[in-house]
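Novice: For reference, this is coords_2.cif, and it has mmCIF, C-alpha atoms.
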```
data_upload
#
loop_
_atom_site.label_atom_id
_atom_site.label_comp_id
_atom_site.auth_asym_id
_atom_site.auth_seq_id
_atom_site.Cartn_x
_atom_site.Cartn_y
_atom_site.Cartn_z
CA MET A 410 -3.14 8.43 -1.03
CA LEU A 411 0.38 7.94 -2.44
CA LEU A 412 0.45 4.37 -1.08
CA ASP A 413 -1.13 3.23 -4.33
CA SER A 414 2.07 4.16 -6.14
CA PHE A 415 3.95 1.54 -4.10
CA GLU A 416 1.63 -1.32 -5.06
CA PRO A 417 2.12 -4.20 -4.95
CA ILE A 418 3.49 -4.14 -1.38
CA HIS A 419 4.95 -7.47 -0.26
CA GLY A 420 6.29 -6.44 3.15
CA VAL A 421 6.93 -3.44 5.38
CA LEU A 422 9.88 -2.84 7.71
CA LEU A 423 9.30 0.26 9.83
CA CYS A 424 11.86 1.59 12.30
CA GLU A 425 13.09 4.59 14.27
CA GLY A 426 11.90 8.17 14.34
CA GLU A 427 10.37 10.82 16.56
CA ASP A 428 7.69 10.39 19.23
CA ILE A 429 4.21 9.55 18.00
CA ASP A 430 1.60 12.28 18.44
CA PRO A 431 -0.06 11.38 21.80
CA SER A 432 -3.45 12.49 20.50
CA LEU A 433 -3.43 9.31 18.38
CA TYR A 434 -3.50 7.02 21.41
CA GLU A 435 -4.44 8.97 24.55
CA ALA A 436 -8.03 10.17 24.95
CA GLU A 437 -7.20 11.33 28.45
CA THR A 438 -4.14 13.22 29.64
CA SER A 439 -1.10 11.35 30.95
CA ASN A 440 -1.10 13.43 34.16
CA LEU A 441 2.25 14.93 33.24
CA SER A 442 2.57 18.56 34.28
CA ALA A 443 3.65 21.34 31.94
CA GLU A 444 6.96 21.51 33.79
CA GLU A 445 7.51 17.78 33.36
CA MET A 446 6.70 17.96 29.66
CA GLU A 447 9.17 20.81 29.23
CA GLU A 448 11.85 18.80 31.04
CA ILE A 449 11.16 15.81 28.75
CA ARG A 450 11.48 18.02 25.67
CA ARG A 451 14.84 19.35 26.88
CA LEU A 452 16.20 15.89 27.68
CA HIS A 453 14.95 14.20 24.50
CA ALA A 454 14.98 17.14 22.10
CA SER A 455 15.49 15.08 18.93
CA ASP A 456 12.65 12.67 19.78
CA THR A 457 9.95 15.03 20.99
CA ALA A 458 9.71 17.02 17.72
CA ILE A 459 6.46 15.40 16.57
CA ASP A 460 5.95 14.96 12.81
CA LYS A 461 2.19 14.61 12.30
CA GLU A 462 2.50 14.03 8.57
CA LYS A 463 4.88 11.14 9.13
CA ASP A 464 2.53 9.76 11.81
CA THR A 465 -0.39 9.84 9.38
CA ILE A 466 1.54 8.08 6.61
CA GLU A 467 2.98 5.36 8.85
CA MET A 468 -0.32 4.72 10.66
CA ARG A 469 -2.05 4.30 7.33
CA LEU A 470 0.73 1.98 6.15
CA ALA A 471 0.52 -0.15 9.32
CA LYS A 472 -3.27 -0.42 9.02
CA LEU A 473 -2.91 -1.43 5.38
CA CYS A 474 -0.62 -4.30 6.43
CA LEU A 475 -3.06 -5.36 9.15
CA GLU A 476 -6.03 -5.29 6.79
CA ARG A 477 -4.30 -7.37 4.11
CA ASN A 478 -2.02 -9.46 6.34
CA ILE A 479 1.03 -8.01 4.59
CA PRO A 480 4.20 -9.03 6.52
CA TYR A 481 5.15 -6.23 8.92
CA LEU A 482 8.20 -5.90 11.17
CA GLY A 483 8.26 -2.88 13.45
CA ILE A 484 11.54 -1.98 15.15
CA CYS A 485 11.68 0.64 17.94
CA ARG A 486 9.20 3.36 16.83
CA GLY A 487 7.87 0.90 14.24
CA SER A 488 6.68 -1.38 17.05
CA GLN A 489 4.97 1.55 18.77
CA VAL A 490 3.24 2.54 15.51
CA LEU A 491 1.96 -1.04 15.17
CA ASN A 492 0.57 -1.05 18.72
CA VAL A 493 -1.13 2.34 18.36
CA ALA A 494 -2.56 1.39 14.96
CA CYS A 495 -4.35 -1.51 16.68
CA GLY A 496 -5.72 0.57 19.55
CA GLY A 497 -2.89 0.25 22.08
CA THR A 498 -1.35 3.10 24.06
CA LEU A 499 2.15 4.33 24.98
CA TYR A 500 3.97 5.85 27.90
CA GLN A 501 4.71 9.42 26.85
CA ASP A 502 7.84 9.17 28.97
CA ILE A 503 8.94 5.95 30.66
CA GLY A 504 11.10 7.79 33.16
CA LYS A 505 8.30 10.01 34.49
CA GLU A 506 5.40 7.56 34.21
CA LEU A 507 7.04 4.24 35.11
CA THR A 508 10.67 4.36 36.32
CA ASN A 509 10.24 7.05 39.00
CA LYS A 510 7.36 5.10 40.56
CA LEU A 511 9.41 1.94 41.09
CA PRO A 512 11.89 0.99 43.86
CA LEU A 513 15.51 1.65 42.91
CA ASN A 514 16.32 -2.05 42.49
CA GLU A 515 13.53 -2.49 39.89
CA ARG A 516 14.36 0.51 37.72
CA VAL A 517 15.68 0.08 34.17
CA VAL A 518 17.64 2.57 32.09
CA HIS A 519 16.02 2.58 28.65
CA MET A 520 18.07 5.44 27.20
CA ASP A 521 21.76 6.11 27.86
CA TYR A 522 23.06 8.94 25.69
CA ASP A 523 26.60 8.56 27.08
CA ASN A 524 26.82 4.89 26.03
CA TYR A 525 24.39 4.94 23.13
CA ASP A 526 25.25 1.73 21.23
CA GLY A 527 26.97 -0.05 24.09
CA HIS A 528 24.13 0.17 26.63
CA ARG A 529 22.29 -3.08 27.41
CA HIS A 530 19.61 -4.17 29.84
CA PRO A 531 18.12 -7.63 30.45
CA VAL A 532 14.76 -8.77 29.11
CA LYS A 533 12.92 -11.95 30.00
CA VAL A 534 11.83 -13.92 26.96
CA VAL A 535 8.39 -15.54 27.03
CA GLU A 536 8.39 -19.26 26.32
CA ASN A 537 6.90 -20.68 23.11
CA THR A 538 7.18 -17.40 21.21
CA PRO A 539 9.27 -16.64 18.11
CA LEU A 540 11.89 -14.89 20.29
CA ASP A 541 12.16 -18.05 22.37
CA GLN A 542 12.79 -20.07 19.19
CA TRP A 543 15.39 -17.64 17.82
CA PHE A 544 17.41 -17.24 21.05
CA LYS A 545 16.85 -20.71 22.56
CA ASP A 546 20.56 -21.59 22.41
CA SER A 547 21.38 -18.46 24.46
CA LEU A 548 18.66 -18.76 27.11
CA GLU A 549 19.08 -20.34 30.51
CA ASP A 550 16.06 -22.39 31.60
CA GLU A 551 15.51 -20.49 34.85
CA LYS A 552 16.29 -16.91 33.82
CA MET A 553 15.19 -17.00 30.16
CA GLU A 554 17.03 -13.67 29.74
CA ILE A 555 19.06 -11.92 27.07
CA LEU A 556 20.65 -8.47 27.10
CA VAL A 557 19.22 -6.03 24.55
CA ASN A 558 20.14 -2.52 23.41
CA SER A 559 17.81 0.35 24.20
CA TYR A 560 17.27 3.71 22.49
CA HIS A 561 13.84 4.90 23.65
CA HIS A 562 12.12 7.04 26.25
CA GLN A 563 8.63 5.88 25.22
CA GLY A 564 7.17 2.37 25.14
CA VAL A 565 4.08 0.21 25.20
CA LYS A 566 1.73 1.11 28.04
CA ARG A 567 -1.33 -0.93 27.08
CA LEU A 568 -0.76 -3.63 24.49
CA ALA A 569 -3.43 -3.91 21.79
CA GLN A 570 -5.71 -6.89 22.32
CA ARG A 571 -4.65 -8.86 19.24
CA PHE A 572 -1.00 -9.06 20.33
CA VAL A 573 0.88 -11.37 22.70
CA PRO A 574 4.03 -10.24 24.59
CA MET A 575 7.34 -11.93 23.70
CA ALA A 576 9.69 -10.18 26.14
CA PHE A 577 9.55 -8.00 29.27
CA ALA A 578 12.13 -5.70 30.86
CA SER A 579 12.53 -6.13 34.63
CA ASP A 580 10.40 -3.01 35.20
CA GLY A 581 7.50 -4.72 33.40
CA LEU A 582 7.81 -2.84 30.11
CA ILE A 583 6.94 -4.94 27.04
CA GLU A 584 10.00 -5.17 24.76
CA GLY A 585 8.55 -7.37 22.02
CA PHE A 586 5.15 -8.65 20.84
CA TYR A 587 3.50 -10.41 17.90
CA ASP A 588 0.17 -11.60 16.54
CA PRO A 589 0.12 -15.42 16.92
CA ASP A 590 -2.76 -15.68 14.45
CA ALA A 591 -0.70 -13.86 11.83
CA TYR A 592 2.64 -15.57 12.31
CA ASN A 593 3.71 -18.29 9.89
CA PRO A 594 6.63 -17.10 7.74
CA GLU A 595 6.40 -20.12 5.43
CA GLU A 596 2.84 -19.04 4.55
CA GLY A 597 3.68 -15.35 4.24
CA LYS A 598 2.36 -14.35 7.69
CA PHE A 599 4.40 -12.06 9.94
CA ILE A 600 3.08 -9.26 12.20
CA MET A 601 5.59 -8.30 14.91
CA GLY A 602 7.03 -5.43 16.94
CA LEU A 603 10.42 -5.29 18.69
CA GLN A 604 11.42 -2.35 20.89
CA PHE A 605 15.13 -3.15 20.57
CA HIS A 606 17.40 -3.31 17.48
CA PRO A 607 18.71 -6.90 16.95
CA GLU A 608 20.78 -5.78 13.94
CA ARG A 609 22.77 -3.39 16.18
CA MET A 610 23.39 -5.91 18.97
CA ARG A 611 27.05 -6.57 18.12
CA LYS A 612 30.22 -7.03 20.12
CA PRO A 613 32.51 -3.95 20.53
CA ASP A 614 34.49 -3.07 17.39
CA SER A 615 33.16 -6.16 15.63
CA ASP A 616 30.44 -7.27 13.21
CA GLU A 617 29.82 -10.36 15.33
CA PHE A 618 26.36 -10.46 16.88
CA ASP A 619 25.86 -10.61 20.63
CA TYR A 620 23.78 -13.75 20.10
CA PRO A 621 23.35 -16.19 17.18
CA GLY A 622 19.62 -15.42 17.29
CA CYS A 623 19.98 -11.71 16.45
CA PRO A 624 19.58 -12.04 12.64
CA PHE A 625 16.57 -14.36 12.85
CA ALA A 626 13.93 -11.62 13.08
CA TYR A 627 15.06 -10.36 9.68
CA LYS A 628 15.56 -13.80 8.15
CA GLU A 629 12.06 -14.92 9.12
CA PHE A 630 10.58 -11.60 8.01
CA ALA A 631 12.28 -11.93 4.61
CA LYS A 632 11.00 -15.49 4.34
CA ALA A 633 7.46 -14.26 4.99
CA VAL A 634 7.81 -11.44 2.42
CA ILE A 635 8.91 -13.88 -0.30
CA ALA A 636 6.08 -16.31 0.55
CA TYR A 637 3.54 -13.48 0.54
CA GLN A 638 4.80 -12.29 -2.85
CA LYS A 639 4.44 -15.77 -4.32
CA LYS A 640 0.95 -16.08 -2.86
CA LEU A 641 -0.04 -12.69 -4.25
CA ASN A 642 1.34 -13.57 -7.69
CA GLY A 643 -0.60 -16.83 -7.57
CA LEU A 644 -3.85 -14.94 -6.98
CA THR A 645 -3.33 -12.47 -9.80
CA ASN A 646 -2.11 -15.02 -12.34
CA VAL A 647 -4.30 -17.98 -13.19
CA LYS A 648 -1.65 -20.59 -13.87
CA LYS A 649 -3.86 -23.16 -15.60
CA SER A 650 -5.58 -22.29 -18.84
CA LEU A 651 -9.13 -23.53 -19.32
CA LYS A 652 -9.51 -26.54 -21.56
CA LEU A 653 -12.81 -26.40 -23.44
CA ASP A 654 -14.51 -29.42 -24.97
CA GLN A 655 -15.39 -29.38 -28.68
CA GLU A 656 -18.92 -28.06 -28.16
CA MET A 657 -17.83 -25.18 -25.91
CA GLU A 658 -14.95 -24.31 -28.25
CA LYS A 659 -17.40 -24.16 -31.16
CA LYS A 660 -19.67 -21.79 -29.22
CA ARG A 661 -16.71 -19.62 -28.33
CA LYS A 662 -15.67 -19.29 -31.96
CA ILE A 663 -19.23 -18.36 -32.99
CA ILE A 664 -19.37 -15.59 -30.33
CA VAL A 665 -15.94 -14.27 -31.34
CA ARG A 666 -17.05 -14.17 -34.99
CA SER A 667 -20.22 -12.29 -34.00
CA PHE A 668 -18.17 -9.59 -32.25
CA SER A 669 -15.74 -9.43 -35.16
CA LEU A 670 -18.59 -8.83 -37.60
CA ALA A 671 -20.05 -6.15 -35.34
CA ARG A 672 -16.69 -4.39 -35.17
CA ASN A 673 -16.44 -4.36 -38.98
CA ILE A 674 -19.90 -2.79 -39.19
CA TYR A 675 -18.97 -0.16 -36.59
CA GLU A 676 -15.54 0.72 -37.95
CA HIS A 677 -15.99 0.28 -41.71
CA GLY A 678 -19.70 0.16 -42.33
CA ILE A 679 -19.32 -3.30 -43.91
CA ASN A 680 -22.36 -5.53 -43.38
CA SER A 681 -22.07 -8.81 -45.23
CA SER A 682 -23.30 -10.87 -42.32
CA LYS A 683 -26.50 -12.69 -41.57
CA GLU A 684 -28.75 -11.39 -38.81
CA SER A 685 -28.46 -14.74 -36.99
CA GLU A 686 -24.70 -14.33 -36.75
CA LEU A 687 -25.10 -10.98 -35.01
CA GLU A 688 -27.82 -12.26 -32.68
CA VAL A 689 -25.38 -14.68 -31.06
CA GLY A 690 -23.29 -11.76 -29.81
CA ALA A 691 -26.40 -9.87 -28.77
CA GLU A 692 -27.64 -12.75 -26.65
CA PHE A 693 -24.23 -13.07 -25.01
CA LEU A 694 -24.13 -9.35 -24.20
CA GLU A 695 -27.63 -9.36 -22.74
CA SER A 696 -26.58 -12.11 -20.33
CA ASN A 697 -23.50 -10.13 -19.26
CA THR A 698 -24.44 -7.65 -16.52
CA ALA A 699 -20.88 -6.80 -15.44
CA LEU A 700 -20.06 -4.16 -18.04
CA SER A 701 -18.16 -0.96 -17.35
CA LEU A 702 -19.40 2.48 -18.40
CA GLN A 703 -16.82 2.54 -21.19
CA GLN A 704 -17.92 -0.86 -22.44
CA GLU A 705 -21.60 0.09 -22.39
CA THR A 706 -20.92 3.33 -24.23
CA ARG A 707 -18.94 1.44 -26.86
CA LEU A 708 -21.67 -1.18 -27.25
CA LYS A 709 -24.35 1.48 -27.54
CA GLN A 710 -22.35 3.04 -30.38
CA ILE A 711 -21.90 -0.29 -32.14
CA GLY A 712 -25.60 -0.98 -31.81
CA ALA A 713 -25.66 -3.69 -34.48
CA THR A 714 -25.30 -6.56 -32.03
CA VAL A 715 -27.30 -5.06 -29.16
CA ARG A 716 -31.01 -5.58 -29.20
CA ASN A 717 -33.18 -3.49 -26.88
CA SER A 718 -30.47 -0.82 -26.76
CA SER A 719 -32.78 1.41 -24.72
CA SER A 720 -32.12 -0.78 -21.68
CA TYR A 721 -28.40 -0.02 -22.01
CA ILE A 722 -29.10 3.70 -22.29
CA GLU A 723 -31.20 3.55 -19.12
CA LYS A 724 -28.43 1.70 -17.29
CA LEU A 725 -25.92 4.22 -18.56
CA LYS A 726 -27.97 7.13 -17.20
CA LEU A 727 -28.47 5.34 -13.87
CA ASN A 728 -24.74 4.71 -13.55
CA GLU A 729 -24.02 8.37 -14.33
CA GLU A 730 -26.41 9.42 -11.55
CA ARG A 731 -24.81 6.99 -9.12
CA GLU A 732 -21.34 8.22 -10.03
CA LYS A 733 -22.39 11.84 -9.50
CA LEU A 734 -23.90 10.97 -6.11
CA ALA A 735 -20.78 9.02 -5.10
CA ARG A 736 -18.52 11.92 -6.05
CA ASN A 737 -20.62 14.31 -3.95
CA VAL A 738 -20.47 11.99 -0.93
CA MET A 739 -16.73 11.35 -1.26
CA GLY A 740 -16.07 15.05 -1.68
CA LYS A 741 -17.24 15.50 1.92
CA MET A 742 -15.09 12.66 3.31
CA SER A 743 -11.74 13.17 5.02
CA VAL A 744 -8.45 11.90 3.60
CA GLU A 745 -8.36 9.18 6.27
CA GLN A 746 -11.93 8.07 5.49
CA LEU A 747 -11.12 7.92 1.78
CA SER A 748 -7.95 5.94 2.52
CA ASP A 749 -9.95 3.47 4.65
CA LEU A 750 -12.52 3.14 1.87
CA MET A 751 -9.80 2.51 -0.71
CA SER A 752 -8.17 -0.11 1.53
CA PHE A 753 -11.53 -1.84 1.96
CA TYR A 754 -12.00 -2.16 -1.79
CA HIS A 755 -8.42 -3.39 -2.18
CA MET A 756 -9.25 -6.09 0.36
CA MET A 757 -12.50 -6.97 -1.44
CA GLY A 758 -10.54 -7.18 -4.69
CA GLN A 759 -8.12 -9.63 -3.09
CA ILE A 760 -11.00 -11.75 -1.77
CA CYS A 761 -12.64 -11.65 -5.20
CA SER A 762 -9.37 -12.84 -6.79
CA GLU A 763 -9.15 -15.75 -4.34
CA VAL A 764 -12.76 -16.82 -4.97
CA LEU A 765 -12.32 -16.42 -8.74
CA GLU A 766 -9.18 -18.56 -8.72
CA ARG A 767 -11.00 -21.26 -6.73
CA LYS A 768 -13.99 -21.24 -9.09
CA LEU A 769 -11.75 -21.39 -12.17
CA HIS A 770 -9.81 -24.25 -10.62
CA ASP A 771 -13.07 -26.12 -9.91
CA LEU A 772 -14.22 -25.48 -13.47
CA VAL A 773 -10.97 -26.86 -14.89
CA ASN A 774 -11.30 -29.98 -12.74
CA GLU A 775 -14.92 -30.38 -13.80
CA LEU A 776 -14.03 -30.06 -17.51
CA SER A 777 -11.09 -32.44 -17.11
CA SER A 778 -13.27 -35.09 -15.50
#
```
How does the structure come out when it is put into structure tokens?
Specialist:
Amino acid sequence: MLLDSFEPIHGVLLCEGEDIDPSLYEAETSNLSAEEMEEIRRLHASDTAIDKEKDTIEMRLAKLCLERNIPYLGICRGSQVLNVACGGTLYQDIGKELTNKLPLNERVVHMDYDNYDGHRHPVKVVENTPLDQWFKDSLEDEKMEILVNSYHHQGVKRLAQRFVPMAFASDGLIEGFYDPDAYNPEEGKFIMGLQFHPERMRKPDSDEFDYPGCPFAYKEFAKAVIAYQKKLNGLTNVKKSLKLDQEMEKKRKIIVRSFSLARNIYEHGINSSKESELEVGAEFLESNTALSLQQETRLKQIGATVRNSSSYIEKLKLNEEREKLARNVMGKMSVEQLSDLMSFYHMMGQICSEVLERKLHDLVNELSS
């Protein structure tokens, strides 16, 4: 619920952290015995301390990005959160569930505590993917491999349907993926997960990157964030003001005067106006069906410009009943359901803004012609 306090969100970079609660992605058990689970907890003590509150917050944040197409870059745990948020699953422990089932020559070490930052293993980059573009100068045509760092004992087991793999370790584990339908940094589109840390792939005792392509994930992500921000600002700010012809401008001034007279009557009791002048505002209000409760209450109090005020009172009562019913229903909903509902209306608001901007633009063109 606190996500609202961060609005507007122009991009999310999520990285590192403890294991994700397996109940969020595994309906069935992983066939790991109690003894195996205890051994995993001893070996990876800092990772296996699950933080359910953090899981809930980050899952909600990832889903928010997916719903609104907010640029999202997930690194390490952040990539796993993205996959799970879309319905994918994870290996609870790569060593037990994958590595131990492979021949010795196909096994990959994904976590080396003795050589934490220095450890590397090869990954094969998939052609015609963003990773291919970023590291093309470092890839050999036949191997298509780079060496990446590795700090994880969990990883993608089943990739969510919307994603496409970008890199595989030699044991078959997916090391990077993205949504091709939501990737165009110039247009503010970027949804991607990387299991490795490109920013930490540097030569020993140096700030120099292992490959020239290492910074590109962040450069392209930043490009998408800036483009998304500009697009969002364009939706919320109508750049062109409406130009009214003489007849429409005259009508506007008459309506404004009608409201001004009504306000004087309400606030000061001064009524030096003709009934016809007030009727203009009344007719305008009767044609406006998109009034808030506060506006309707205010207009009911003013009264002078509102004919058939009983219809407004009836609408006011009906809205009060609807609000009471809605509060009762929402009171029985879970936090996650309420968050989903809120995200839905945020999305509808964004769509409404886009349609409104298009209609206003068409109206300007029509008036100009």
Novice: Find the distance between CA of Glu549 (chain A) and CA of Leu511 (chain A) and write it in Å to one decimal.
Specialist: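 Going from CA of Glu549 (chain A) over to CA of Leu511 (chain A), I get 26.5 Å.
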Novice: What would the selection look like, as a PyMOL selection string, if the PyMOL selection byres ((chain A and resi 500) around 9) were run on the coordinates I just shared?
Specialist: chain A and resi 439+498-499+501-503+505-507+562-567
Novice: Give me, as a tab-separated table, the closest atom pair and its distance (Å, one decimal) for every residue of region 534-631 of chain A within a cut-off of 12 Å of region 417-422 of chain A, counting only C-alpha atoms, rows sorted by chain and rising number.
Specialist:
```
residue	atom	partner	partner_atom	distance
A:Pro594	CA	A:Gly420	CA	11.6
A:Gly597	CA	A:His419	CA	9.2
A:Lys598	CA	A:Gly420	CA	9.9
A:Phe599	CA	A:Gly420	CA	9.0
A:Ile600	CA	A:Val421	CA	9.8
A:Met601	CA	A:Leu422	CA	10.0
A:Gly602	CA	A:Leu422	CA	10.0
A:Leu603	CA	A:Leu422	CA	11.3
A:Ala626	CA	A:Leu422	CA	11.1
A:Tyr627	CA	A:Leu422	CA	9.3
A:Glu629	CA	A:Gly420	CA	11.9
A:Phe630	CA	A:Gly420	CA	8.3
A:Ala631	CA	A:Gly420	CA	8.3
```
Novice: Would you work out the distance separating CA of Tyr637 (chain A) from CA of Glu596 (chain A), expressed in Å to one decimal?
Specialist: 6.9 Å
Novice: From the set A:Leu441, A:Asn509, A:Glu427, A:Gly483, which residue has the shortest atom-to-atom contact distance to Ser455 (chain A), counting all atoms listed in the file?
Specialist: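 Nearest candidate to Ser455 (chain A) out of A:Leu441, A:Asn509, A:Glu427, A:Gly483: A:Glu427.
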Novice: Which residues are near Lys463 (chain A)? Cut-off 12 Å, all atoms listed in the file, ignore same chain within fewer than 5 positions. Put them as a PyMOL selection string.
Specialist: chain A and resi 423+425-430+458+468-470+486-487+490
Novice: Measuring between only C-alpha atoms, which one of A:Tyr525, A:Phe415, A:Tyr481, A:Phe618 shows the shortest distance to Tyr560 (chain A)?
Specialist: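 Of A:Tyr525, A:Phe415, A:Tyr481, A:Phe618, the one nearest Tyr560 (chain A), counting only C-alpha atoms, is A:Tyr525.
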Novice: Please report the interatomic distance between CA of Glu444 (chain A) and CA of Gly497 (chain A) in Å with one decimal.
Specialist: 26.2 Å
Novice: Apply the PyMOL selection byres ((chain A and resi 534) around 12) to the structure shown and report the selected residues as a PyMOL selection string.
Specialist: chain A and resi 531-533+535-545+547-557+574-579+583-586
Novice: Nearest to Glu763 (chain A): which of A:Glu732, A:Phe605, A:Leu641, A:Ile664 is it, counting only C-alpha atoms?
Specialist: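 Closest residue, counting only C-alpha atoms: A:Leu641.
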Novice: Quick one: which residues end up in the PyMOL selection byres ((chain A and resi 580) around 7) for this structure, as a PDB file with C-alpha atoms, keeping the file's coordinate frame?
Specialist:
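Full text of out01.pdb as output:
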```pdb
ATOM      1  CA  GLU A 515      13.530  -2.490  39.890  1.00  0.00           C
ATOM      2  CA  ARG A 516      14.360   0.510  37.720  1.00  0.00           C
ATOM      3  CA  VAL A 517      15.680   0.080  34.170  1.00  0.00           C
ATOM      4  CA  ALA A 578      12.130  -5.700  30.860  1.00  0.00           C
ATOM      5  CA  SER A 579      12.530  -6.130  34.630  1.00  0.00           C
ATOM      6  CA  GLY A 581       7.500  -4.720  33.400  1.00  0.00           C
ATOM      7  CA  LEU A 582       7.810  -2.840  30.110  1.00  0.00           C
TER       8      LEU A 582
END
```
Novice: Could you tell me which of A:Asp413, A:Asp619, A:Glu656, A:Asp526 comes closest to Leu473 (chain A) if we count all atoms listed in the file?
Specialist: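 Residue with the minimum atom-to-atom distance to Leu473 (chain A): A:Asp413.
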Novice: Please determine, counting all atoms listed in the file, which residue among A:Gly643, A:Gly740, A:Gly504, A:Gly758 has the shortest atom-to-atom distance to Leu452 (chain A).
Specialist: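 Closest to Leu452 (chain A), using all atoms listed in the file: A:Gly504.
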Novice: Around (26.0, -4.9, 24.2) in the file's own coordinates, what residues are found within 7 Å if you use all atoms listed in the file, given back as a list in words?
Specialist: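 Residues found, by chain and rising number: Gly527, His528, Arg529, Val557, Asn558, Met610, Arg611, Lys612 and Asp619 of chain A.
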Novice: Considering all atoms listed in the file, state which residue in the set A:Ile466, A:Leu769, A:Ile760, A:Cys424 is at the smallest distance from Ile484 (chain A).
Specialist: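 Checking each candidate against Ile484 (chain A), we get A:Cys424 as the closest.
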